[in-house]
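What follows is a single structure, written as structure tokens, with notes after it.
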Amino acid sequence: MILSFITFQHAAILPLLALAALPLILHLFSRAKPPVYHFSSNYFLEKIVRFTRRVRKPQDILLLILRTLLFISIVLMFSRPVFFRDPGFSGLFEKRNLVIVVDASASMGFSDGGQTRFASACAEASELVRGLSPRDRANIVFLKSRPDPVFPALGRNFSFLRKILSASKVSNEAGGVKASIREAVSMLSKTSDGVGEICVISDFQRSQWKDDVHVDVPEGIVVSYVKVGKGTPGNQAVVGVTSSPLFPLVGERVVFNCEIANYSDSPRRLTAFFKIDGARGSATLLVPAWGSATAVFDMNDIAGTEDAEDGSRGFTVPGSRTFECSIDDDDFADDNTRWGLLNVEENLRIGLVENSVYPAKFWKRALKSLPWIDLRPLILGEASTMSERLDFLMISGWKGEGVAEIKSLLESGVGVIASPSSGDSSESMIRSIFEPDANTVVQVKGDSASPVLMENAPPGKPFRLRVTAAGVDAFKLFSTGDYGDPVGCAVSKRFVSHGKKRALGKTLVEYTDGIPALTRYGSEETPGFFIWSISLDPSRSNFAERPQFLPFLAEFILSSRSNERFRDVDYLASRTPGQPIIKSFDLVGALNKIKLFSPTGENVLLKTGAAPTISGGYTLALATPPVTELGVYTWKLNDVRIGSAAVNFAVSESDFRTVSVSELNSIRTTVAGGTGAATVLHDGVELWKWLLVLAVILALSEGFLSFWAEKHEKRDM
């Protein structure tokens with residue numbers, strides 16, 4: 001079994017091991033029967049021989065062993081044996097096809113003792129390449145978000161590979177482990193002879209490798225892991241920046257949330273710094289060990305914010321802005337800053353379909369009184385053509401028509417409020433919209449096909465409403481009671497279905513006997529579809545005449561805004577290095593005049609292509625190659641800023657906890673660590689130096705034992 005781990009560079013010398021029998025042969029010949037001489041008396045001679053034989057017999061055996069071992073060690077020394085930890089690497093006389101996967105992800109930029117982990121990995125890889133023979137072939141694959149090979153295939157230009165390794169720099173990207181391993185396997189699959197080897201050199205960051213540590217490779221390919229980096233250094237990072245609301249209106253209060261994570265064993269007191277335009281703020285917070293804390297910056301409290309006419313602080317001009325949150329520098333500064341984009345809108349665009357007089361009349365009157373509402377009369381067939389310019393669609397007297405268009409609007413991020421017409425089944429209409437949606441559980445108690453009818457209240461006992469979802473943002477304004485009861489009205493005639501108890505949606509407002517009055521349908525992650533079953537006809541209800549109606553409708557619309565409408569643009573600041581920036585423009589004729597500038601002001605290469613729109617179609621777009629620089633990129637047309645895109649550090653790269661060596665060993669993959677580990681693993685350890693030392697020790701021992709035996713014999717005589 002041991003021999004499977006050892007390769008002899010000069011195996012032709014091994015037959016000389018037979019010379020190890022020479023000391024034994026000489027010993028046997030030296031014991032040939034001596035001539036016989038006659039003496040008068042042999043008593044004293046026999047006594048001396050018996051005494052000498054008892055002393056010299058162990059000496060002879062020891063000398064015989066030492067001389068035999070000396071011959072063996074000399075022969076083995078000249079045969080140049082090499083020891084390998086893994087027998088898969090012991091094919092020294094076979095051609096080697098070696099792919100070295102060097103982790104170039106962001107975590108490899110951490111410095112251990114003055115040298116980054118990436119520099120250590122490149123040094124290990126360079127030594128591996130140096131040890132290759134002219135018959136071998138090799139390639140380097142840098143492990144980034146996408147595999148980055150030096151050559152498209154294995155080659156013999158080893159000097160160029162070493163030059164690339166010495167000049168390469170660590171990236172800001174997260175690592176794509178499986179893709180890089182597949183790239184290495186693909187290269188080796190194209191070779192027809194020799195031994196296939198993959199050597200992965202990485203810090204084996206747990207967040208990146210925990211699910212990909214075990215790699216499946218074809219039979220005949222040997223995989224080894226070489227771990228670089230020392231211990232688990234602590235690190236603090238800004239891991240999230242958001243605004244609430246995500247798309248504020250002019251003059252609306254905005255709160256920014258900056259999440260700070262502490263990847264260390266002890267709590268840390270940190271100062272978070274925030275800035276947007278000329279406004280700045282700071283906050284000190286205690287972040288628990290292996291936990292996070294959120295710094296909150298209210299625009300009303302940030303110094304430098306412009307005062308509005310009403311004395312509040314906010315944004316008085318619509319447009320896009322960039323904001324930034326950072327913490328004090330630590331040993332790893334790349335993740336200490338995070339950028340976000342904020343789009344301040346002048347108004348909300350609401351389309352109104354008037355199929356009935358009520359509630360359209362009072363919806364229209366209330367919405368026109370709100371300066372931040374852009375109300376547009378529509379016919380349902382025209383709504384889908386305006387999906388990218390609408391925030392809400394309100395349908396008065398909905399009879400179940402336009403199901404396909406409503407679904408399209410919901411998918412594109414537009415919220416829908418519908419007031420059903422009497423005589424139609426609201427449940428069956430809603431079922432036709434949401435039943436194909438796997439994320440919506442459709443359950444209806446009672447008769448789901450019951451038509452919507454009008455029910456009169458008993459004389460002197462009007463129907464009353466109550467809020468059933470007090471935690472919803474639409475009712476927060478009324479939570480203190482200063483603004484009265486938002487639904488404290490009297491209803492003499494109401495919409496009702498015979499199937500009174502329904503579980504298809506979330507009821508926000510209901511009648512006191514459990515009949516739903518305002519219900520939200522769809523998942524919380526998608527734009528809402530609302531059924532408004534509260535009559536606004538003055539002959540049936542005083543709801544629209546109460547002073548609470550206008551603030552309730554305003555709060556309801558503001559709180560129901562969808563954050564999905566802009567999911568294909570840059571406002572969410574979710575890009576990380578290694579991804580392209582793609583932006584669509586309506587200015588088709590001016591695409592060749594649009595430029596993108598990096599955070600350092602460099603012009604970024606652009607190409608024209610097609611990009612999907614939120615309405616399901618395609619539009620012309622400009623796209624970059626995968627970007628690598630952190631910060632805010634700026635779109636310009638004729639030197640005028642027309643948009644931005646933020647590229648932030650990948651959160652997964654901030655946690656420096658790694659997969660332990662024992663875990664790596666558990667998958668039966670050869671693992672090594674420390675300086676020169678890769679070379680030792682693949683090139684083995686030459687044993688001739690140790691055999692030379694052994695031969696010298698054996699020779700000295702044999703000489704000492706012979707000298708001692710001779711001296712002892714003279715003394716006895």
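In the structure tokens, chains take the letters A, B, ... in the order shown, each chain's residues start at 1, and ligands count up from 1 in the order shown.
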Backbone DSSP call of alpha helix (DSSP H) for region 323-394 of chain A, listed as a ChimeraX atom specification: /A:360-368,380-383
Surrounding residues of Gly155 (chain A) excluding itself and chain neighbours under 6 positions, 9 Å, only C-alpha atoms, as a PyMOL selection string: chain A and resi 97+136-139
For CA of Pro147 (chain A) and CA of Ser652 (chain A), the interatomic separation in Å (one decimal): 17.9 Å
Those of region 210-301 of chain A in DSSP strand (DSSP E), formatted as number ranges by chain: A: 221-227, 235-244, 255-263, 268-276, 279-287, 291-298
Please provide as a compact mmCIF listing (two decimals) with N, CA and C atoms, in the first residue's frame all residues within 6 Å of Pro599 (chain A), with the sequence filter that same-chain residues fewer than 4 positions apart are discarded (counting only C-alpha atoms).
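Saved the output as around-v4.txt:
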```txt
# COMPACT_ATOMS: atom_id res chain seq x y z
N GLY A 631 -19.58 51.32 -6.88
CA GLY A 631 -19.99 52.71 -6.85
C GLY A 631 -21.16 52.99 -7.76
N VAL A 632 -21.34 54.27 -8.08
CA VAL A 632 -22.48 54.72 -8.89
C VAL A 632 -22.01 55.03 -10.30
N TYR A 633 -22.66 54.40 -11.28
CA TYR A 633 -22.41 54.64 -12.70
C TYR A 633 -23.45 55.64 -13.20
```
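Counting only C-alpha atoms and comparing A:Gly340, A:Gly400, A:Pro377, A:Pro626, the residue that lies closest to Ile276 (chain A) is A:Gly340.
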10 Å contact set for Phe656 (chain A), only C-alpha atoms, chain neighbours under 2 positions out, as a PyMOL selection string: chain A and resi 107-108+110+203-208+229+231-235+263-264+652-654+658-659
Distance in Å - CA of Arg466 (chain A) versus CA of Tyr358 (chain A): 21.6 Å
Selection near Ser180 (chain A), 10 Å with only C-alpha atoms, sequence-local residues under 6 positions removed, as a ChimeraX atom specification: /A:101-103,141-149,186,200
Nearest to Ile201 (chain A), chosen from A:Lys368, A:Lys493, A:Lys227, A:Lys461, with only C-alpha atoms counted in the distances: A:Lys227
Long-range neighbours of region 514-523 of chain A as a PyMOL selection string, 7 Å cut-off, only C-alpha atoms, 2 positions minimum in chain: chain A and resi 439-440+500+505-512+525-526+528-534
Residue nearest Pro459 (chain A) among A:Ile350, A:Leu380, A:Leu63, A:Val491 (counting only C-alpha atoms): A:Val491
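With distances restricted to only C-alpha atoms, A:Ala184 is the closest residue to Glu197 (chain A) from A:Ala650, A:Leu664, A:Ala360, A:Ala184.
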Ile302 (chain A) environment, 8 Å, only C-alpha atoms, sequence neighbours closer than 6 positions dropped, as a ChimeraX atom specification: /A:279-281
Writer output for current selection, N, CA and C atoms, as an mmCIF file, in the first residue's frame:
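Everything below was put into part.cif:
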```
data_model
loop_
_atom_site.group_PDB
_atom_site.id
_atom_site.type_symbol
_atom_site.label_atom_id
_atom_site.label_comp_id
_atom_site.auth_asym_id
_atom_site.auth_seq_id
_atom_site.Cartn_x
_atom_site.Cartn_y
_atom_site.Cartn_z
ATOM 1 N N ALA A 279 -27.009 66.742 1.991
ATOM 2 C CA ALA A 279 -27.417 66.417 3.357
ATOM 3 C C ALA A 279 -26.564 65.285 3.914
ATOM 4 N N ARG A 280 -26.234 65.402 5.201
ATOM 5 C CA ARG A 280 -25.407 64.387 5.863
ATOM 6 C C ARG A 280 -25.972 64.065 7.237
ATOM 7 N N GLY A 281 -25.726 62.854 7.667
ATOM 8 C CA GLY A 281 -26.145 62.440 8.991
ATOM 9 C C GLY A 281 -25.256 61.329 9.500
#
```
